[in-house]
file start_26.txt (compact mmCIF, C-alpha atoms)
# COMPACT_ATOMS: atom_id res chain seq x y z
CA MET A 1 94.05 142.46 200.65
CA SER A 2 94.84 139.49 202.86
CA ASP A 3 95.31 135.91 201.64
CA THR A 4 93.67 134.54 204.79
CA PRO A 5 90.03 133.48 204.51
CA ASP A 6 87.36 135.68 206.03
CA PHE A 7 85.39 133.11 208.02
CA ASN A 8 82.49 135.50 208.65
CA GLU A 9 82.10 135.99 204.90
CA MET A 10 82.40 132.25 204.27
CA THR A 11 79.70 131.58 206.88
CA ARG A 12 77.38 134.10 205.23
CA ASP A 13 78.03 132.51 201.83
CA ILE A 14 77.22 128.97 203.01
CA ALA A 15 74.15 130.25 204.85
CA GLU A 16 72.71 131.30 201.49
CA VAL A 17 73.12 127.83 199.91
CA PRO A 18 70.05 125.57 200.10
CA ALA A 19 70.59 122.25 201.88
CA VAL A 20 69.66 120.30 198.73
CA GLU A 21 72.47 122.02 196.85
CA VAL A 22 74.98 121.16 199.58
CA ILE A 23 73.86 117.50 199.61
CA VAL A 24 74.04 117.22 195.81
CA THR A 25 77.46 118.88 195.73
CA VAL A 26 78.84 116.49 198.33
CA ALA A 27 77.33 113.52 196.45
CA VAL A 28 78.91 114.64 193.16
CA ASN A 29 82.28 115.06 194.88
CA LEU A 30 82.02 111.54 196.34
CA MET A 31 81.07 110.18 192.90
CA SER A 32 84.01 111.91 191.25
CA ALA A 33 86.48 110.70 193.86
CA ALA A 34 85.11 107.15 193.61
CA ALA A 35 85.46 107.20 189.81
CA VAL A 36 89.11 108.20 190.15
CA LYS A 37 89.76 105.46 192.71
CA LEU A 38 88.02 102.92 190.45
CA GLY A 39 90.41 103.83 187.63
CA LEU A 40 87.65 105.27 185.44
CA THR A 41 89.54 108.44 184.49
CA GLU A 42 92.04 109.06 181.71
CA GLU A 43 94.87 108.22 184.10
CA GLY A 44 93.17 104.88 184.75
CA GLU A 45 95.39 102.55 186.74
CA LYS A 46 97.59 105.34 188.09
CA PHE A 47 95.13 106.27 190.85
CA LYS A 48 93.18 103.00 191.11
CA ASP A 49 92.66 101.92 194.72
CA LEU A 50 89.68 99.64 195.31
CA ASP A 51 89.90 99.88 199.11
CA GLU A 52 89.53 103.65 198.88
CA ALA A 53 86.82 103.31 196.21
CA ARG A 54 84.81 101.00 198.48
CA LYS A 55 84.84 103.62 201.25
CA LEU A 56 83.75 106.40 198.91
CA VAL A 57 80.96 104.37 197.27
CA THR A 58 79.68 103.27 200.68
CA ALA A 59 79.71 106.88 201.93
CA LEU A 60 77.82 107.98 198.82
CA ALA A 61 75.22 105.23 199.30
CA GLY A 62 74.78 106.21 202.95
CA LEU A 63 74.38 109.88 202.07
CA LEU A 64 71.79 109.12 199.39
CA ASP A 65 69.93 106.73 201.68
CA ALA A 66 69.85 109.26 204.52
CA SER A 67 68.85 112.18 202.32
CA ALA A 68 66.33 110.40 200.07
CA THR A 69 63.35 112.05 201.74
CA GLU A 70 65.09 115.42 201.89
CA ILE A 71 65.94 115.85 198.21
CA SER A 72 63.50 115.62 195.35
CA SER A 73 63.46 112.72 192.93
CA PHE A 74 64.65 115.26 190.34
CA HIS A 75 67.98 115.34 192.22
CA ALA A 76 67.93 111.83 193.67
CA ALA A 77 67.30 109.80 190.49
CA PRO A 78 70.49 110.75 188.61
CA LEU A 79 72.54 110.38 191.79
CA ARG A 80 71.13 106.88 192.34
CA ASP A 81 71.94 106.02 188.71
CA GLY A 82 75.50 107.24 189.20
CA LEU A 83 75.80 105.25 192.41
CA LYS A 84 74.62 102.08 190.68
CA SER A 85 77.13 102.64 187.86
CA LEU A 86 79.93 102.99 190.39
CA GLN A 87 78.81 99.87 192.24
CA LEU A 88 78.79 97.89 188.97
CA ALA A 89 82.20 99.31 188.01
CA PHE A 90 83.53 98.21 191.39
CA ARG A 91 82.17 94.70 190.85
CA GLU A 92 83.87 94.56 187.42
CA ALA A 93 87.18 95.86 188.78
CA SER A 94 87.32 93.38 191.67
CA ILE A 95 89.39 90.28 191.14
CA VAL A 96 87.28 88.48 193.74
CA PRO A 97 83.76 89.90 193.49
CA ASP A 98 81.74 90.48 196.65
CA ALA A 99 78.72 88.29 197.27
CA ALA A 100 75.39 89.83 196.29
CA GLY A 101 74.46 92.42 198.88
CA GLN A 102 78.03 92.68 200.22
CA GLY A 103 79.46 95.15 197.70
CA PRO A 104 80.18 98.77 198.54
CA GLY A 105 77.05 100.58 199.65
CA GLU A 106 74.83 97.55 199.14
CA LYS A 107 73.83 97.55 202.82
CA TYR A 108 71.98 100.77 201.89
CA THR A 109 70.87 99.96 198.34
CA GLY A 110 70.40 96.21 198.43
CA PRO A 111 72.15 93.94 195.92
CA VAL A 112 73.10 95.59 192.65
CA TYR A 113 72.90 93.68 189.39
CA GLY A 114 73.84 94.76 185.87

call {"tool": "encode", "arguments": {"input": "start_26.txt", "output": "structure tokens"}}
result
Amino acid sequence: MSDTPDFNEMTRDIAEVPAVEVIVTVAVNLMSAAAVKLGLTEEGEKFKDLDEARKLVTALAGLLDASATEISSFHAAPLRDGLKSLQLAFREASIVPDAAGQGPGEKYTGPVYG
């Protein structure tokens, strides 16, 4: 058995995955990465990088905004809640908070308040 990936098999596998599942999986991965970069994990400050967190939160907001009509509210609602939590965590972690509507992803979500 070879250690190299069989791209034909991988293509068949991804072809069987519904688009909603792919979108949700990507969103969860963005959320997890943002949480790490915000210092919200057990390691806390070790991996904290607010510049990187801003990029990830903004990408998540853009993905959710673009896919809102494509995924059901069953999937979208908890993802939006997670996004808002990350946006608020970013605001708390910032030494100099962004103006309302200028935080990560807020160009897609509008201003986020606690």

call {"tool": "residues_around", "arguments": {"input": "start_26.txt", "residues": "range 16-27 of chain A", "least_positions_apart": "3", "cutoff": "12 Å", "atoms": "all atoms listed in the file", "output": "MDAnalysis selection string"}}
result
chainID A and resid 9:13 30:34 56:80 82:83

call {"tool": "write_last_selection", "arguments": {"input": "start_26.txt", "atoms": "C-alpha atoms", "output": "PDB file, in the frame of the given file"}}
result
ATOM      1  CA  GLU A   9      82.100 135.990 204.900  1.00  0.00           C
ATOM      2  CA  MET A  10      82.400 132.250 204.270  1.00  0.00           C
ATOM      3  CA  THR A  11      79.700 131.580 206.880  1.00  0.00           C
ATOM      4  CA  ARG A  12      77.380 134.100 205.230  1.00  0.00           C
ATOM      5  CA  ASP A  13      78.030 132.510 201.830  1.00  0.00           C
ATOM      6  CA  LEU A  30      82.020 111.540 196.340  1.00  0.00           C
ATOM      7  CA  MET A  31      81.070 110.180 192.900  1.00  0.00           C
ATOM      8  CA  SER A  32      84.010 111.910 191.250  1.00  0.00           C
ATOM      9  CA  ALA A  33      86.480 110.700 193.860  1.00  0.00           C
ATOM     10  CA  ALA A  34      85.110 107.150 193.610  1.00  0.00           C
ATOM     11  CA  LEU A  56      83.750 106.400 198.910  1.00  0.00           C
ATOM     12  CA  VAL A  57      80.960 104.370 197.270  1.00  0.00           C
ATOM     13  CA  THR A  58      79.680 103.270 200.680  1.00  0.00           C
ATOM     14  CA  ALA A  59      79.710 106.880 201.930  1.00  0.00           C
ATOM     15  CA  LEU A  60      77.820 107.980 198.820  1.00  0.00           C
ATOM     16  CA  ALA A  61      75.220 105.230 199.300  1.00  0.00           C
ATOM     17  CA  GLY A  62      74.780 106.210 202.950  1.00  0.00           C
ATOM     18  CA  LEU A  63      74.380 109.880 202.070  1.00  0.00           C
ATOM     19  CA  LEU A  64      71.790 109.120 199.390  1.00  0.00           C
ATOM     20  CA  ASP A  65      69.930 106.730 201.680  1.00  0.00           C
ATOM     21  CA  ALA A  66      69.850 109.260 204.520  1.00  0.00           C
ATOM     22  CA  SER A  67      68.850 112.180 202.320  1.00  0.00           C
ATOM     23  CA  ALA A  68      66.330 110.400 200.070  1.00  0.00           C
ATOM     24  CA  THR A  69      63.350 112.050 201.740  1.00  0.00           C
ATOM     25  CA  GLU A  70      65.090 115.420 201.890  1.00  0.00           C
ATOM     26  CA  ILE A  71      65.940 115.850 198.210  1.00  0.00           C
ATOM     27  CA  SER A  72      63.500 115.620 195.350  1.00  0.00           C
ATOM     28  CA  SER A  73      63.460 112.720 192.930  1.00  0.00           C
ATOM     29  CA  PHE A  74      64.650 115.260 190.340  1.00  0.00           C
ATOM     30  CA  HIS A  75      67.980 115.340 192.220  1.00  0.00           C
ATOM     31  CA  ALA A  76      67.930 111.830 193.670  1.00  0.00           C
ATOM     32  CA  ALA A  77      67.300 109.800 190.490  1.00  0.00           C
ATOM     33  CA  PRO A  78      70.490 110.750 188.610  1.00  0.00           C
ATOM     34  CA  LEU A  79      72.540 110.380 191.790  1.00  0.00           C
ATOM     35  CA  ARG A  80      71.130 106.880 192.340  1.00  0.00           C
ATOM     36  CA  GLY A  82      75.500 107.240 189.200  1.00  0.00           C
ATOM     37  CA  LEU A  83      75.800 105.250 192.410  1.00  0.00           C
TER      38      LEU A  83
END

call {"tool": "atom_distance", "arguments": {"input": "start_26.txt", "atom1": "CA of Gly39 in chain A", "atom2": "CA of Ser94 in chain A"}}
result
11.6 Å

call {"tool": "atom_distance", "arguments": {"input": "start_26.txt", "atom1": "CA of Gly103 in chain A", "atom2": "CA of Asp81 in chain A"}}
result
16.0 Å

call {"tool": "atom_distance", "arguments": {"input": "start_26.txt", "atom1": "CA of Thr109 in chain A", "atom2": "CA of Phe47 in chain A"}}
result
26.2 Å

call {"tool": "axis_aligned_box", "arguments": {"input": "start_26.txt", "around": "range 78-92 of chain A", "padding_each_side": "8 Å", "output": "JSON"}}
result
{"center_x": 77.2, "center_y": 102.7, "center_z": 189.9, "size_x": 29.4, "size_y": 32.2, "size_z": 21.0}

call {"tool": "residues_around", "arguments": {"input": "start_26.txt", "residues": "Arg91 in chain A", "least_positions_apart": "4", "cutoff": "12 Å", "atoms": "only C-alpha atoms", "output": "ChimeraX atom specification"}}
result
/A:38,50,53-54,57,84-87,95-106,111-114

call {"tool": "closest_residue", "arguments": {"input": "start_26.txt", "among": "A:Ile14, A:Gly110, A:Leu88, A:Ala93", "to": "Lys48 in chain A", "atoms": "only C-alpha atoms"}}
result
A:Ala93

call {"tool": "build_atoms", "arguments": {"input": "start_26.txt", "residues": "range 82-109 of chain A", "atoms": "N, CA and C atoms", "output": "PDB file, keeping the file's coordinate frame"}}
result
ATOM      1  N   GLY A  82      74.040 107.145 189.109  1.00  0.00           N
ATOM      2  CA  GLY A  82      75.500 107.240 189.200  1.00  0.00           C
ATOM      3  C   GLY A  82      76.061 106.287 190.224  1.00  0.00           C
ATOM      4  N   LEU A  83      75.384 106.178 191.364  1.00  0.00           N
ATOM      5  CA  LEU A  83      75.800 105.250 192.410  1.00  0.00           C
ATOM      6  C   LEU A  83      75.797 103.818 191.881  1.00  0.00           C
ATOM      7  N   LYS A  84      74.713 103.441 191.212  1.00  0.00           N
ATOM      8  CA  LYS A  84      74.620 102.080 190.680  1.00  0.00           C
ATOM      9  C   LYS A  84      75.744 101.822 189.670  1.00  0.00           C
ATOM     10  N   SER A  85      76.037 102.791 188.827  1.00  0.00           N
ATOM     11  CA  SER A  85      77.130 102.640 187.860  1.00  0.00           C
ATOM     12  C   SER A  85      78.464 102.419 188.557  1.00  0.00           C
ATOM     13  N   LEU A  86      78.695 103.156 189.638  1.00  0.00           N
ATOM     14  CA  LEU A  86      79.930 102.990 190.390  1.00  0.00           C
ATOM     15  C   LEU A  86      79.978 101.623 191.065  1.00  0.00           C
ATOM     16  N   GLN A  87      78.848 101.183 191.600  1.00  0.00           N
ATOM     17  CA  GLN A  87      78.810  99.870 192.240  1.00  0.00           C
ATOM     18  C   GLN A  87      79.092  98.757 191.210  1.00  0.00           C
ATOM     19  N   LEU A  88      78.532  98.884 190.019  1.00  0.00           N
ATOM     20  CA  LEU A  88      78.790  97.890 188.970  1.00  0.00           C
ATOM     21  C   LEU A  88      80.239  97.951 188.506  1.00  0.00           C
ATOM     22  N   ALA A  89      80.793  99.157 188.404  1.00  0.00           N
ATOM     23  CA  ALA A  89      82.200  99.310 188.010  1.00  0.00           C
ATOM     24  C   ALA A  89      83.112  98.679 189.061  1.00  0.00           C
ATOM     25  N   PHE A  90      82.746  98.827 190.329  1.00  0.00           N
ATOM     26  CA  PHE A  90      83.530  98.210 191.390  1.00  0.00           C
ATOM     27  C   PHE A  90      83.502  96.695 191.247  1.00  0.00           C
ATOM     28  N   ARG A  91      82.318  96.153 191.000  1.00  0.00           N
ATOM     29  CA  ARG A  91      82.170  94.700 190.850  1.00  0.00           C
ATOM     30  C   ARG A  91      83.043  94.207 189.689  1.00  0.00           C
ATOM     31  N   GLU A  92      83.053  94.942 188.581  1.00  0.00           N
ATOM     32  CA  GLU A  92      83.870  94.560 187.420  1.00  0.00           C
ATOM     33  C   GLU A  92      85.360  94.650 187.711  1.00  0.00           C
ATOM     34  N   ALA A  93      85.755  95.637 188.510  1.00  0.00           N
ATOM     35  CA  ALA A  93      87.180  95.860 188.780  1.00  0.00           C
ATOM     36  C   ALA A  93      87.731  94.890 189.810  1.00  0.00           C
ATOM     37  N   SER A  94      86.870  94.287 190.603  1.00  0.00           N
ATOM     38  CA  SER A  94      87.320  93.380 191.670  1.00  0.00           C
ATOM     39  C   SER A  94      87.761  92.045 191.103  1.00  0.00           C
ATOM     40  N   ILE A  95      88.904  91.592 191.548  1.00  0.00           N
ATOM     41  CA  ILE A  95      89.390  90.280 191.140  1.00  0.00           C
ATOM     42  C   ILE A  95      88.520  89.197 191.763  1.00  0.00           C
ATOM     43  N   VAL A  96      88.173  89.399 193.024  1.00  0.00           N
ATOM     44  CA  VAL A  96      87.280  88.480 193.740  1.00  0.00           C
ATOM     45  C   VAL A  96      86.017  89.272 194.077  1.00  0.00           C
ATOM     46  N   PRO A  97      84.970  89.107 193.274  1.00  0.00           N
ATOM     47  CA  PRO A  97      83.760  89.900 193.490  1.00  0.00           C
ATOM     48  C   PRO A  97      83.098  89.605 194.848  1.00  0.00           C
ATOM     49  N   ASP A  98      82.497  90.632 195.412  1.00  0.00           N
ATOM     50  CA  ASP A  98      81.740  90.480 196.650  1.00  0.00           C
ATOM     51  C   ASP A  98      80.480  89.671 196.369  1.00  0.00           C
ATOM     52  N   ALA A  99      80.002  88.982 197.388  1.00  0.00           N
ATOM     53  CA  ALA A  99      78.720  88.290 197.270  1.00  0.00           C
ATOM     54  C   ALA A  99      77.618  89.322 197.094  1.00  0.00           C
ATOM     55  N   ALA A 100      76.523  88.921 196.488  1.00  0.00           N
ATOM     56  CA  ALA A 100      75.390  89.830 196.290  1.00  0.00           C
ATOM     57  C   ALA A 100      74.978  90.424 197.637  1.00  0.00           C
ATOM     58  N   GLY A 101      74.842  91.730 197.662  1.00  0.00           N
ATOM     59  CA  GLY A 101      74.460  92.420 198.880  1.00  0.00           C
ATOM     60  C   GLY A 101      75.623  92.812 199.771  1.00  0.00           C
ATOM     61  N   GLN A 102      76.844  92.389 199.404  1.00  0.00           N
ATOM     62  CA  GLN A 102      78.030  92.680 200.220  1.00  0.00           C
ATOM     63  C   GLN A 102      78.965  93.704 199.575  1.00  0.00           C
ATOM     64  N   GLY A 103      78.617  94.176 198.388  1.00  0.00           N
ATOM     65  CA  GLY A 103      79.460  95.150 197.700  1.00  0.00           C
ATOM     66  C   GLY A 103      79.372  96.513 198.370  1.00  0.00           C
ATOM     67  N   PRO A 104      80.179  97.451 197.917  1.00  0.00           N
ATOM     68  CA  PRO A 104      80.180  98.770 198.540  1.00  0.00           C
ATOM     69  C   PRO A 104      78.808  99.446 198.447  1.00  0.00           C
ATOM     70  N   GLY A 105      78.325  99.862 199.587  1.00  0.00           N
ATOM     71  CA  GLY A 105      77.050 100.580 199.650  1.00  0.00           C
ATOM     72  C   GLY A 105      75.823  99.707 199.565  1.00  0.00           C
ATOM     73  N   GLU A 106      75.991  98.414 199.330  1.00  0.00           N
ATOM     74  CA  GLU A 106      74.830  97.550 199.140  1.00  0.00           C
ATOM     75  C   GLU A 106      74.042  97.326 200.431  1.00  0.00           C
ATOM     76  N   LYS A 107      74.620  97.637 201.583  1.00  0.00           N
ATOM     77  CA  LYS A 107      73.830  97.550 202.820  1.00  0.00           C
ATOM     78  C   LYS A 107      72.784  98.655 202.831  1.00  0.00           C
ATOM     79  N   TYR A 108      72.966  99.686 202.003  1.00  0.00           N
ATOM     80  CA  TYR A 108      71.980 100.770 201.890  1.00  0.00           C
ATOM     81  C   TYR A 108      71.067 100.591 200.680  1.00  0.00           C
ATOM     82  N   THR A 109      71.616 100.032 199.595  1.00  0.00           N
ATOM     83  CA  THR A 109      70.870  99.960 198.340  1.00  0.00           C
ATOM     84  C   THR A 109      70.268  98.591 198.075  1.00  0.00           C
TER      85      THR A 109
END
